[in-house]
file final-v4.cif (mmCIF, C-alpha atoms, pLDDT in the B column; chains and numbers go by the auth columns)
data_model
loop_
_atom_site.group_PDB
_atom_site.id
_atom_site.type_symbol
_atom_site.label_atom_id
_atom_site.label_comp_id
_atom_site.label_asym_id
_atom_site.label_seq_id
_atom_site.Cartn_x
_atom_site.Cartn_y
_atom_site.Cartn_z
_atom_site.B_iso_or_equiv
_atom_site.auth_seq_id
_atom_site.auth_asym_id
ATOM 1 C CA VAL A 1 68.657 -21.385 34.705 85.00 1 A
ATOM 2 C CA ILE A 2 65.426 -23.221 35.512 88.00 2 A
ATOM 3 C CA GLN A 3 62.923 -21.133 33.577 88.00 3 A
ATOM 4 C CA THR A 4 64.805 -20.807 30.286 85.00 4 A
ATOM 5 C CA PRO A 5 64.954 -24.540 29.375 86.00 5 A
ATOM 6 C CA ILE A 6 61.307 -24.976 30.361 88.00 6 A
ATOM 7 C CA LEU A 7 60.184 -22.005 28.264 84.00 7 A
ATOM 8 C CA ILE A 8 62.270 -23.119 25.272 84.00 8 A
ATOM 9 C CA PHE A 9 60.778 -26.598 25.436 85.00 9 A
ATOM 10 C CA ALA A 10 57.219 -25.327 25.857 85.00 10 A
ATOM 11 C CA CYS A 11 57.488 -22.753 23.042 82.00 11 A
ATOM 12 C CA ARG A 12 59.884 -24.565 20.704 77.00 12 A
ATOM 13 C CA LYS A 13 57.395 -24.500 17.794 78.00 13 A
ATOM 14 C CA HIS A 14 57.144 -20.714 17.931 78.00 14 A
ATOM 15 C CA LEU A 15 60.817 -19.871 18.473 78.00 15 A
ATOM 16 C CA LYS A 16 62.964 -18.477 15.682 78.00 16 A
ATOM 17 C CA ILE A 17 66.277 -16.644 15.492 78.00 17 A
ATOM 18 C CA TYR A 18 65.711 -12.980 14.704 79.00 18 A
ATOM 19 C CA PHE A 19 67.773 -9.823 15.067 82.00 19 A
ATOM 20 C CA SER A 20 67.052 -6.280 13.925 83.00 20 A
ATOM 21 C CA PHE A 21 69.332 -3.275 14.330 84.00 21 A
ATOM 22 C CA ALA A 22 66.283 -1.014 13.943 84.00 22 A
ATOM 23 C CA VAL A 23 64.636 -2.658 16.944 82.00 23 A
ATOM 24 C CA LEU A 24 67.919 -2.490 18.849 83.00 24 A
ATOM 25 C CA LYS A 25 68.173 1.231 18.104 83.00 25 A
ATOM 26 C CA ARG A 26 64.625 1.885 19.358 79.00 26 A
ATOM 27 C CA MET A 27 65.318 -0.159 22.490 82.00 27 A
ATOM 28 C CA PHE A 28 68.533 1.758 23.146 82.00 28 A
ATOM 29 C CA VAL A 29 66.845 5.134 22.702 79.00 29 A
ATOM 30 C CA PHE A 30 64.034 4.083 25.022 78.00 30 A
ATOM 31 C CA SER A 31 66.418 2.699 27.653 82.00 31 A
ATOM 32 C CA PHE A 32 68.669 5.765 27.531 83.00 32 A
ATOM 33 C CA ALA A 33 65.654 8.062 27.928 79.00 33 A
ATOM 34 C CA MET A 34 64.440 5.942 30.857 79.00 34 A
ATOM 35 C CA ILE A 35 67.835 6.224 32.567 85.00 35 A
ATOM 36 C CA ILE A 36 67.893 10.017 32.201 86.00 36 A
ATOM 37 C CA GLU A 37 64.317 10.288 33.452 80.00 37 A
ATOM 38 C CA SER A 38 65.036 7.993 36.411 81.00 38 A
ATOM 39 C CA ILE A 39 68.010 10.139 37.423 86.00 39 A
ATOM 40 C CA ILE A 40 65.879 13.305 37.273 83.00 40 A
ATOM 41 C CA ILE A 41 63.093 11.627 39.281 79.00 41 A
ATOM 42 C CA TRP A 42 65.670 10.575 41.856 82.00 42 A
ATOM 43 C CA PHE A 43 66.872 14.178 42.146 82.00 43 A
ATOM 44 C CA CYS A 44 63.247 15.335 42.527 77.00 44 A
ATOM 45 C CA ALA A 45 62.743 12.882 45.381 74.00 45 A
ATOM 46 C CA TRP A 46 65.946 13.782 47.209 77.00 46 A
ATOM 47 C CA SER A 47 66.509 17.439 46.286 78.00 47 A
ATOM 48 C CA SER A 48 64.854 18.523 49.529 76.00 48 A
ATOM 49 C CA THR A 49 67.419 16.575 51.544 77.00 49 A
ATOM 50 C CA PHE A 50 70.325 18.117 49.628 79.00 50 A
ATOM 51 C CA LEU A 51 68.942 21.654 49.930 80.00 51 A
ATOM 52 C CA ALA A 52 68.085 21.242 53.617 80.00 52 A
ATOM 53 C CA ALA A 53 71.806 21.155 54.423 78.00 53 A
ATOM 54 C CA ASN A 54 72.042 24.791 53.303 78.00 54 A
ATOM 55 C CA PHE A 55 69.357 26.010 55.714 78.00 55 A
ATOM 56 C CA PHE A 56 69.253 23.754 58.770 80.00 56 A
ATOM 57 C CA ASN A 57 71.531 21.980 61.203 81.00 57 A
ATOM 58 C CA SER A 58 72.527 18.336 60.953 81.00 58 A
ATOM 59 C CA THR A 59 69.722 17.221 63.272 83.00 59 A
ATOM 60 C CA SER A 60 67.021 18.751 61.077 81.00 60 A
ATOM 61 C CA VAL A 61 68.640 17.350 57.942 82.00 61 A
ATOM 62 C CA GLY A 62 68.678 13.902 59.543 84.00 62 A
ATOM 63 C CA LEU A 63 64.989 14.186 60.430 84.00 63 A
ATOM 64 C CA ILE A 64 64.129 15.190 56.865 84.00 64 A
ATOM 65 C CA LYS A 65 66.176 12.321 55.421 85.00 65 A
ATOM 66 C CA VAL A 66 64.671 9.697 57.738 86.00 66 A
ATOM 67 C CA GLY A 67 61.165 11.060 57.212 84.00 67 A
ATOM 68 C CA ASN A 68 61.620 11.114 53.438 84.00 68 A
ATOM 69 C CA THR A 69 62.862 7.520 53.389 86.00 69 A
ATOM 70 C CA THR A 70 60.044 6.319 55.640 87.00 70 A
ATOM 71 C CA VAL A 71 57.246 8.042 53.724 87.00 71 A
ATOM 72 C CA ASN A 72 58.584 6.986 50.313 84.00 72 A
ATOM 73 C CA SER A 73 58.806 3.374 51.501 86.00 73 A
ATOM 74 C CA ILE A 74 55.179 3.448 52.638 86.00 74 A
ATOM 75 C CA PHE A 75 53.839 5.010 49.456 85.00 75 A
ATOM 76 C CA ASN A 76 55.886 2.734 47.207 83.00 76 A
ATOM 77 C CA LEU A 77 53.976 -0.232 48.616 84.00 77 A
ATOM 78 C CA PHE A 78 50.731 1.261 47.304 82.00 78 A
ATOM 79 C CA SER A 79 51.818 3.231 44.222 79.00 79 A
ATOM 80 C CA ILE A 80 54.189 0.801 42.466 80.00 80 A
ATOM 81 C CA PRO A 81 51.460 -1.819 41.786 80.00 81 A
ATOM 82 C CA PHE A 82 49.397 0.841 39.987 79.00 82 A
ATOM 83 C CA ILE A 83 52.278 2.455 38.119 75.00 83 A
ATOM 84 C CA SER A 84 53.706 -0.902 37.009 77.00 84 A
ATOM 85 C CA VAL A 85 50.313 -1.849 35.545 81.00 85 A
ATOM 86 C CA LEU A 86 49.620 1.610 34.099 81.00 86 A
ATOM 87 C CA PHE A 87 52.573 1.719 31.704 80.00 87 A
ATOM 88 C CA PRO A 88 52.022 -1.593 29.851 84.00 88 A
ATOM 89 C CA THR A 89 48.271 -0.983 29.766 84.00 89 A
ATOM 90 C CA LEU A 90 48.616 2.478 28.249 84.00 90 A
ATOM 91 C CA SER A 91 51.337 1.296 25.853 83.00 91 A
ATOM 92 C CA ARG A 92 48.967 -1.346 24.499 85.00 92 A
ATOM 93 C CA LEU A 93 46.213 1.256 23.998 85.00 93 A
ATOM 94 C CA LYS A 94 48.340 4.153 22.753 82.00 94 A
ATOM 95 C CA ASP A 95 46.776 4.058 19.261 82.00 95 A
ATOM 96 C CA ASN A 96 43.221 4.239 20.602 83.00 96 A
ATOM 97 C CA ASP A 97 42.735 7.610 22.293 82.00 97 A
ATOM 98 C CA LYS A 98 39.322 6.815 23.773 85.00 98 A
ATOM 99 C CA GLU A 99 40.376 3.545 25.414 86.00 99 A
ATOM 100 C CA PHE A 100 43.698 5.142 26.388 85.00 100 A
ATOM 101 C CA GLU A 101 41.966 7.960 28.280 85.00 101 A
ATOM 102 C CA ASP A 102 39.425 5.618 29.861 87.00 102 A
ATOM 103 C CA ALA A 103 42.131 3.257 31.103 85.00 103 A
ATOM 104 C CA PHE A 104 44.231 6.118 32.458 85.00 104 A
ATOM 105 C CA HIS A 105 41.357 7.763 34.340 85.00 105 A
ATOM 106 C CA ARG A 106 40.137 4.423 35.668 86.00 106 A
ATOM 107 C CA ILE A 107 43.520 3.415 37.093 84.00 107 A
ATOM 108 C CA GLN A 108 44.255 6.920 38.373 83.00 108 A
ATOM 109 C CA SER A 109 40.859 7.112 40.095 86.00 109 A
ATOM 110 C CA VAL A 110 41.372 3.827 41.926 86.00 110 A
ATOM 111 C CA ALA A 111 44.930 4.759 42.915 84.00 111 A
ATOM 112 C CA THR A 112 43.877 8.230 44.083 86.00 112 A
ATOM 113 C CA ALA A 113 41.068 6.731 46.164 87.00 113 A
ATOM 114 C CA ILE A 114 43.721 4.749 48.045 87.00 114 A
ATOM 115 C CA ILE A 115 46.714 7.098 48.054 87.00 115 A
ATOM 116 C CA VAL A 116 45.019 10.371 49.045 87.00 116 A
ATOM 117 C CA PRO A 117 43.295 8.903 52.138 90.00 117 A
ATOM 118 C CA LEU A 118 46.637 7.297 52.975 88.00 118 A
ATOM 119 C CA GLY A 119 48.260 10.743 52.869 87.00 119 A
ATOM 120 C CA ILE A 120 45.527 12.276 55.024 89.00 120 A
ATOM 121 C CA GLY A 121 45.772 9.417 57.495 90.00 121 A
ATOM 122 C CA GLY A 122 49.538 9.790 57.567 86.00 122 A
ATOM 123 C CA TYR A 123 49.139 13.477 58.406 87.00 123 A
ATOM 124 C CA PHE A 124 46.830 12.902 61.387 89.00 124 A
ATOM 125 C CA TYR A 125 48.532 9.732 62.648 88.00 125 A
ATOM 126 C CA SER A 126 52.133 10.695 61.990 87.00 126 A
ATOM 127 C CA THR A 127 53.026 10.304 65.661 87.00 127 A
ATOM 128 C CA ALA A 128 51.801 6.707 65.702 88.00 128 A
ATOM 129 C CA ILE A 129 53.564 5.950 62.406 87.00 129 A
ATOM 130 C CA CYS A 130 56.777 7.432 63.756 86.00 130 A
ATOM 131 C CA SER A 131 56.522 5.448 66.977 86.00 131 A
ATOM 132 C CA ILE A 132 55.776 2.136 65.240 86.00 132 A
ATOM 133 C CA LEU A 133 58.269 2.354 62.368 85.00 133 A
ATOM 134 C CA LEU A 134 61.096 4.399 63.895 85.00 134 A
ATOM 135 C CA GLY A 135 60.695 4.072 67.650 82.00 135 A
ATOM 136 C CA PRO A 136 59.878 6.573 70.387 79.00 136 A
ATOM 137 C CA GLU A 137 63.293 8.254 70.198 80.00 137 A
ATOM 138 C CA TRP A 138 62.382 9.606 66.743 82.00 138 A
ATOM 139 C CA GLY A 139 59.375 11.568 67.985 80.00 139 A
ATOM 140 C CA GLU A 140 60.662 14.802 66.445 82.00 140 A
ATOM 141 C CA ALA A 141 60.300 13.273 62.979 83.00 141 A
ATOM 142 C CA SER A 142 56.508 13.040 63.312 85.00 142 A
ATOM 143 C CA ASN A 143 55.979 16.588 61.980 85.00 143 A
ATOM 144 C CA VAL A 144 58.251 15.830 59.011 85.00 144 A
ATOM 145 C CA ILE A 145 56.331 12.638 58.255 87.00 145 A
ATOM 146 C CA ALA A 146 52.993 14.466 58.560 87.00 146 A
ATOM 147 C CA LEU A 147 53.876 17.102 55.970 85.00 147 A
ATOM 148 C CA LEU A 148 55.670 14.728 53.614 86.00 148 A
ATOM 149 C CA THR A 149 52.759 12.280 53.479 88.00 149 A
ATOM 150 C CA VAL A 150 50.459 15.006 52.150 86.00 150 A
ATOM 151 C CA ASN A 151 53.010 16.221 49.589 84.00 151 A
ATOM 152 C CA ILE A 152 53.902 12.765 48.318 84.00 152 A
ATOM 153 C CA ALA A 153 50.239 11.698 48.190 85.00 153 A
ATOM 154 C CA ILE A 154 49.475 14.608 45.863 82.00 154 A
ATOM 155 C CA ALA A 155 52.596 14.044 43.756 80.00 155 A
ATOM 156 C CA THR A 156 51.997 10.300 43.442 78.00 156 A
ATOM 157 C CA SER A 157 48.374 10.645 42.304 76.00 157 A
ATOM 158 C CA THR A 158 49.141 13.390 39.768 76.00 158 A
ATOM 159 C CA SER A 159 52.743 13.887 38.678 75.00 159 A
ATOM 160 C CA TYR A 160 53.830 10.239 38.654 75.00 160 A
ATOM 161 C CA PHE A 161 50.849 9.130 36.590 77.00 161 A
ATOM 162 C CA LEU A 162 51.277 11.918 34.039 78.00 162 A
ATOM 163 C CA SER A 163 54.870 10.831 33.526 77.00 163 A
ATOM 164 C CA GLU A 164 53.635 7.362 32.558 78.00 164 A
ATOM 165 C CA VAL A 165 51.341 8.920 29.938 81.00 165 A
ATOM 166 C CA PHE A 166 54.267 10.550 28.134 80.00 166 A
ATOM 167 C CA ARG A 167 56.358 7.383 28.220 79.00 167 A
ATOM 168 C CA SER A 168 53.574 5.071 27.070 81.00 168 A
ATOM 169 C CA LYS A 169 52.939 7.330 24.062 80.00 169 A
ATOM 170 C CA GLY A 170 56.642 7.178 23.181 76.00 170 A
ATOM 171 C CA HIS A 171 57.170 10.890 23.884 79.00 171 A
ATOM 172 C CA PHE A 172 60.486 10.401 25.664 77.00 172 A
ATOM 173 C CA VAL A 173 61.703 13.968 25.211 80.00 173 A
ATOM 174 C CA SER A 174 58.416 15.365 26.533 81.00 174 A
ATOM 175 C CA SER A 175 58.664 13.102 29.567 79.00 175 A
ATOM 176 C CA ILE A 176 62.205 14.273 30.319 83.00 176 A
ATOM 177 C CA ILE A 177 61.233 17.935 29.839 86.00 177 A
ATOM 178 C CA TYR A 178 58.279 17.427 32.181 83.00 178 A
ATOM 179 C CA GLN A 179 60.512 15.929 34.875 82.00 179 A
ATOM 180 C CA VAL A 180 63.064 18.746 34.461 86.00 180 A
ATOM 181 C CA ILE A 181 60.286 21.324 34.928 87.00 181 A
ATOM 182 C CA MET A 182 59.127 19.537 38.088 83.00 182 A
ATOM 183 C CA LEU A 183 62.713 19.453 39.391 83.00 183 A
ATOM 184 C CA VAL A 184 63.252 23.179 38.705 87.00 184 A
ATOM 185 C CA LEU A 185 59.949 24.067 40.386 84.00 185 A
ATOM 186 C CA SER A 186 60.794 21.908 43.397 81.00 186 A
ATOM 187 C CA ILE A 187 64.238 23.461 43.819 83.00 187 A
ATOM 188 C CA GLY A 188 62.860 26.960 43.280 82.00 188 A
ATOM 189 C CA LEU A 189 60.110 26.557 45.878 80.00 189 A
ATOM 190 C CA HIS A 190 62.515 25.062 48.407 79.00 190 A
ATOM 191 C CA LEU A 191 64.979 27.912 47.933 80.00 191 A
ATOM 192 C CA LEU A 192 62.208 30.499 48.129 80.00 192 A
ATOM 193 C CA MET A 193 60.244 29.120 51.071 75.00 193 A
ATOM 194 C CA GLY A 194 62.823 27.057 52.900 71.00 194 A
ATOM 195 C CA ARG A 195 64.768 29.891 54.464 69.00 195 A
ATOM 196 C CA ASP A 196 62.216 30.692 57.161 69.00 196 A
ATOM 197 C CA SER A 197 61.270 27.397 58.803 73.00 197 A
ATOM 198 C CA ILE A 198 61.455 23.657 58.338 76.00 198 A
ATOM 199 C CA ASP A 199 57.647 23.481 58.016 73.00 199 A
ATOM 200 C CA LEU A 200 57.628 25.865 55.072 73.00 200 A
ATOM 201 C CA PHE A 201 60.559 23.975 53.589 75.00 201 A
ATOM 202 C CA LEU A 202 58.654 20.694 53.729 72.00 202 A
ATOM 203 C CA THR A 203 55.470 22.316 52.435 72.00 203 A
ATOM 204 C CA ALA A 204 57.387 23.540 49.388 65.00 204 A
ATOM 205 C CA GLY A 205 57.884 19.917 48.313 61.00 205 A
#

call {"tool": "encode", "arguments": {"input": "final-v4.cif", "output": "structure tokens"}}
result
Amino acid sequence: VIQTPILIFACRKHLKIYFSFAVLKRMFVFSFAMIIESIIIWFCAWSSTFLAANFFNSTSVGLIKVGNTTVNSIFNLFSIPFISVLFPTLSRLKDNDKEFEDAFHRIQSVATAIIVPLGIGGYFYSTAICSILLGPEWGEASNVIALLTVNIAIATSTSYFLSEVFRSKGHFVSSIIYQVIMLVLSIGLHLLMGRDSIDLFLTAG
């Protein structure tokens, strides 16, 4: 309500009425692909919690769910700023392969330099993280947090960034296929390794 009148007034010389069904079609295809990909990514993030119910009791499932939520919240604080910048940057450079690759590796290197040490620190200081964020009564979740921080650190610095490459190039189908492959691998590893112990189950992520 406040911004729109100000922007219209400030840009009134450059505004014009324009509508294109071709642009609308491309926007719809892009948005629909983004929705499908987001749903698959959501399943990748929470598949371990769903599958845990088949192997462990309600207490273990609760620990996995709380640990997953806690670790994802921590990593989102550090990964979202990089991922949100990565997509528009790569989209702008998609027609220049050299600058595209340089920008991708530069952003990924900086993000990895922050995220990987964060995962290692989370592994060794999981007890302190658990005590500060969840309270002393959640001490059993420290092992879950330790293993999940390592897994999510690796996934964030590799898988999440590669997904942005596909999308910025406009390869929506490739991006969806990539996420489906990651989901199938995640489910397969959890089903294969998760039957023996909760540690192996978390490592499979």

call {"tool": "residues_around", "arguments": {"input": "final-v4.cif", "residues": "Met193 in chain A", "least_positions_apart": "4", "cutoff": "10 Å", "atoms": "all atoms listed in the file", "output": "number ranges by chain"}}
result
A: 188-189, 197-205

call {"tool": "closest_atom_pairs", "arguments": {"input": "final-v4.cif", "of": "range 4-73 of chain A", "to": "range 140-145 of chain A", "cutoff": "12 Å", "atoms": "all atoms listed in the file", "output": "JSON lines"}}
result
{"residue": "A:Ser48", "atom": "CA", "partner": "A:Val144", "partner_atom": "CA", "distance": 11.9}
{"residue": "A:Thr49", "atom": "CA", "partner": "A:Val144", "partner_atom": "CA", "distance": 11.8}
{"residue": "A:Thr59", "atom": "CA", "partner": "A:Glu140", "partner_atom": "CA", "distance": 9.9}
{"residue": "A:Ser60", "atom": "CA", "partner": "A:Ala141", "partner_atom": "CA", "distance": 8.9}
{"residue": "A:Val61", "atom": "CA", "partner": "A:Val144", "partner_atom": "CA", "distance": 10.6}
{"residue": "A:Gly62", "atom": "CA", "partner": "A:Ala141", "partner_atom": "CA", "distance": 9.1}
{"residue": "A:Leu63", "atom": "CA", "partner": "A:Ala141", "partner_atom": "CA", "distance": 5.4}
{"residue": "A:Ile64", "atom": "CA", "partner": "A:Val144", "partner_atom": "CA", "distance": 6.3}
{"residue": "A:Lys65", "atom": "CA", "partner": "A:Val144", "partner_atom": "CA", "distance": 9.4}
{"residue": "A:Val66", "atom": "CA", "partner": "A:Ala141", "partner_atom": "CA", "distance": 7.7}
{"residue": "A:Gly67", "atom": "CA", "partner": "A:Ile145", "partner_atom": "CA", "distance": 5.2}
{"residue": "A:Asn68", "atom": "CA", "partner": "A:Ile145", "partner_atom": "CA", "distance": 7.3}
{"residue": "A:Thr69", "atom": "CA", "partner": "A:Ile145", "partner_atom": "CA", "distance": 9.6}
{"residue": "A:Thr70", "atom": "CA", "partner": "A:Ile145", "partner_atom": "CA", "distance": 7.8}
{"residue": "A:Val71", "atom": "CA", "partner": "A:Ile145", "partner_atom": "CA", "distance": 6.5}
{"residue": "A:Asn72", "atom": "CA", "partner": "A:Ile145", "partner_atom": "CA", "distance": 10.0}
{"residue": "A:Ser73", "atom": "CA", "partner": "A:Ile145", "partner_atom": "CA", "distance": 11.7}

call {"tool": "resolve_selection", "arguments": {"input": "final-v4.cif", "expression": "the PyMOL selection byres ((chain A and resi 178) around 12)", "output": "PDB file with C-alpha atoms, in the frame of the given file"}}
result
ATOM      1  CA  GLU A  37      64.317  10.288  33.452  1.00 80.00           C
ATOM      2  CA  ILE A  40      65.879  13.305  37.273  1.00 83.00           C
ATOM      3  CA  ILE A  41      63.093  11.627  39.281  1.00 79.00           C
ATOM      4  CA  CYS A  44      63.247  15.335  42.527  1.00 77.00           C
ATOM      5  CA  SER A 159      52.743  13.887  38.678  1.00 75.00           C
ATOM      6  CA  TYR A 160      53.830  10.239  38.654  1.00 75.00           C
ATOM      7  CA  PHE A 161      50.849   9.130  36.590  1.00 77.00           C
ATOM      8  CA  LEU A 162      51.277  11.918  34.039  1.00 78.00           C
ATOM      9  CA  SER A 163      54.870  10.831  33.526  1.00 77.00           C
ATOM     10  CA  GLU A 164      53.635   7.362  32.558  1.00 78.00           C
ATOM     11  CA  VAL A 165      51.341   8.920  29.938  1.00 81.00           C
ATOM     12  CA  PHE A 166      54.267  10.550  28.134  1.00 80.00           C
ATOM     13  CA  ARG A 167      56.358   7.383  28.220  1.00 79.00           C
ATOM     14  CA  HIS A 171      57.170  10.890  23.884  1.00 79.00           C
ATOM     15  CA  PHE A 172      60.486  10.401  25.664  1.00 77.00           C
ATOM     16  CA  VAL A 173      61.703  13.968  25.211  1.00 80.00           C
ATOM     17  CA  SER A 174      58.416  15.365  26.533  1.00 81.00           C
ATOM     18  CA  SER A 175      58.664  13.102  29.567  1.00 79.00           C
ATOM     19  CA  ILE A 176      62.205  14.273  30.319  1.00 83.00           C
ATOM     20  CA  ILE A 177      61.233  17.935  29.839  1.00 86.00           C
ATOM     21  CA  GLN A 179      60.512  15.929  34.875  1.00 82.00           C
ATOM     22  CA  VAL A 180      63.064  18.746  34.461  1.00 86.00           C
ATOM     23  CA  ILE A 181      60.286  21.324  34.928  1.00 87.00           C
ATOM     24  CA  MET A 182      59.127  19.537  38.088  1.00 83.00           C
ATOM     25  CA  LEU A 183      62.713  19.453  39.391  1.00 83.00           C
ATOM     26  CA  VAL A 184      63.252  23.179  38.705  1.00 87.00           C
ATOM     27  CA  LEU A 185      59.949  24.067  40.386  1.00 84.00           C
TER      28      LEU A 185
END

call {"tool": "atom_distance", "arguments": {"input": "final-v4.cif", "atom1": "CA of Ile115 in chain A", "atom2": "CA of Ser157 in chain A"}}
result
7.0 Å

call {"tool": "resolve_selection", "arguments": {"input": "final-v4.cif", "expression": "the PyMOL selection byres ((chain A and resi 78) around 10)", "output": "short mmCIF file (atom, residue, chain, number, x, y, z; two decimals) with C-alpha atoms, in the frame of the given file"}}
result
data_model
loop_
_atom_site.label_atom_id
_atom_site.label_comp_id
_atom_site.auth_asym_id
_atom_site.auth_seq_id
_atom_site.Cartn_x
_atom_site.Cartn_y
_atom_site.Cartn_z
CA SER A 73 58.81 3.37 51.50
CA ILE A 74 55.18 3.45 52.64
CA PHE A 75 53.84 5.01 49.46
CA ASN A 76 55.89 2.73 47.21
CA LEU A 77 53.98 -0.23 48.62
CA SER A 79 51.82 3.23 44.22
CA ILE A 80 54.19 0.80 42.47
CA PRO A 81 51.46 -1.82 41.79
CA PHE A 82 49.40 0.84 39.99
CA ILE A 83 52.28 2.46 38.12
CA ALA A 111 44.93 4.76 42.92
CA ILE A 114 43.72 4.75 48.04
CA ILE A 115 46.71 7.10 48.05
CA LEU A 118 46.64 7.30 52.98
CA THR A 156 52.00 10.30 43.44
#

call {"tool": "atom_distance", "arguments": {"input": "final-v4.cif", "atom1": "CA of Thr4 in chain A", "atom2": "CA of Phe19 in chain A"}}
result
19.0 Å

call {"tool": "closest_residue", "arguments": {"input": "final-v4.cif", "among": "A:Pro5, A:Gly119, A:Gly194, A:Gly135", "to": "Leu147 in chain A", "atoms": "all atoms listed in the file"}}
result
A:Gly119

call {"tool": "atom_distance", "arguments": {"input": "final-v4.cif", "atom1": "CA of Phe56 in chain A", "atom2": "CA of Tyr125 in chain A"}}
result
25.3 Å

call {"tool": "build_atoms", "arguments": {"input": "final-v4.cif", "residues": "range 7-19 of chain A", "atoms": "N, CA and C atoms", "output": "compact mmCIF listing (two decimals), in the frame of the given file"}}
result
# COMPACT_ATOMS: atom_id res chain seq x y z
N LEU A 7 60.85 -22.87 29.23
CA LEU A 7 60.18 -22.00 28.26
C LEU A 7 60.56 -22.38 26.83
N ILE A 8 61.84 -22.71 26.62
CA ILE A 8 62.27 -23.12 25.27
C ILE A 8 61.55 -24.40 24.84
N PHE A 9 61.45 -25.34 25.75
CA PHE A 9 60.78 -26.60 25.44
C PHE A 9 59.29 -26.38 25.17
N ALA A 10 58.66 -25.55 25.98
CA ALA A 10 57.22 -25.33 25.86
C ALA A 10 56.87 -24.52 24.62
N CYS A 11 57.77 -23.65 24.18
CA CYS A 11 57.49 -22.75 23.04
C CYS A 11 58.36 -23.05 21.83
N ARG A 12 58.90 -24.26 21.75
CA ARG A 12 59.88 -24.56 20.70
C ARG A 12 59.31 -24.42 19.30
N LYS A 13 58.00 -24.62 19.12
CA LYS A 13 57.40 -24.50 17.79
C LYS A 13 57.29 -23.06 17.32
N HIS A 14 57.32 -22.13 18.27
CA HIS A 14 57.14 -20.71 17.93
C HIS A 14 58.46 -19.92 17.97
N LEU A 15 59.54 -20.57 18.36
CA LEU A 15 60.82 -19.87 18.47
C LEU A 15 61.52 -19.77 17.11
N LYS A 16 62.14 -18.65 16.88
CA LYS A 16 62.96 -18.48 15.68
C LYS A 16 64.04 -17.45 15.98
N ILE A 17 65.17 -17.57 15.30
CA ILE A 17 66.28 -16.64 15.49
C ILE A 17 65.99 -15.38 14.69
N TYR A 18 66.04 -14.24 15.37
CA TYR A 18 65.71 -12.98 14.70
C TYR A 18 66.51 -11.86 15.36
N PHE A 19 67.05 -10.98 14.54
CA PHE A 19 67.77 -9.82 15.07
C PHE A 19 67.56 -8.64 14.13
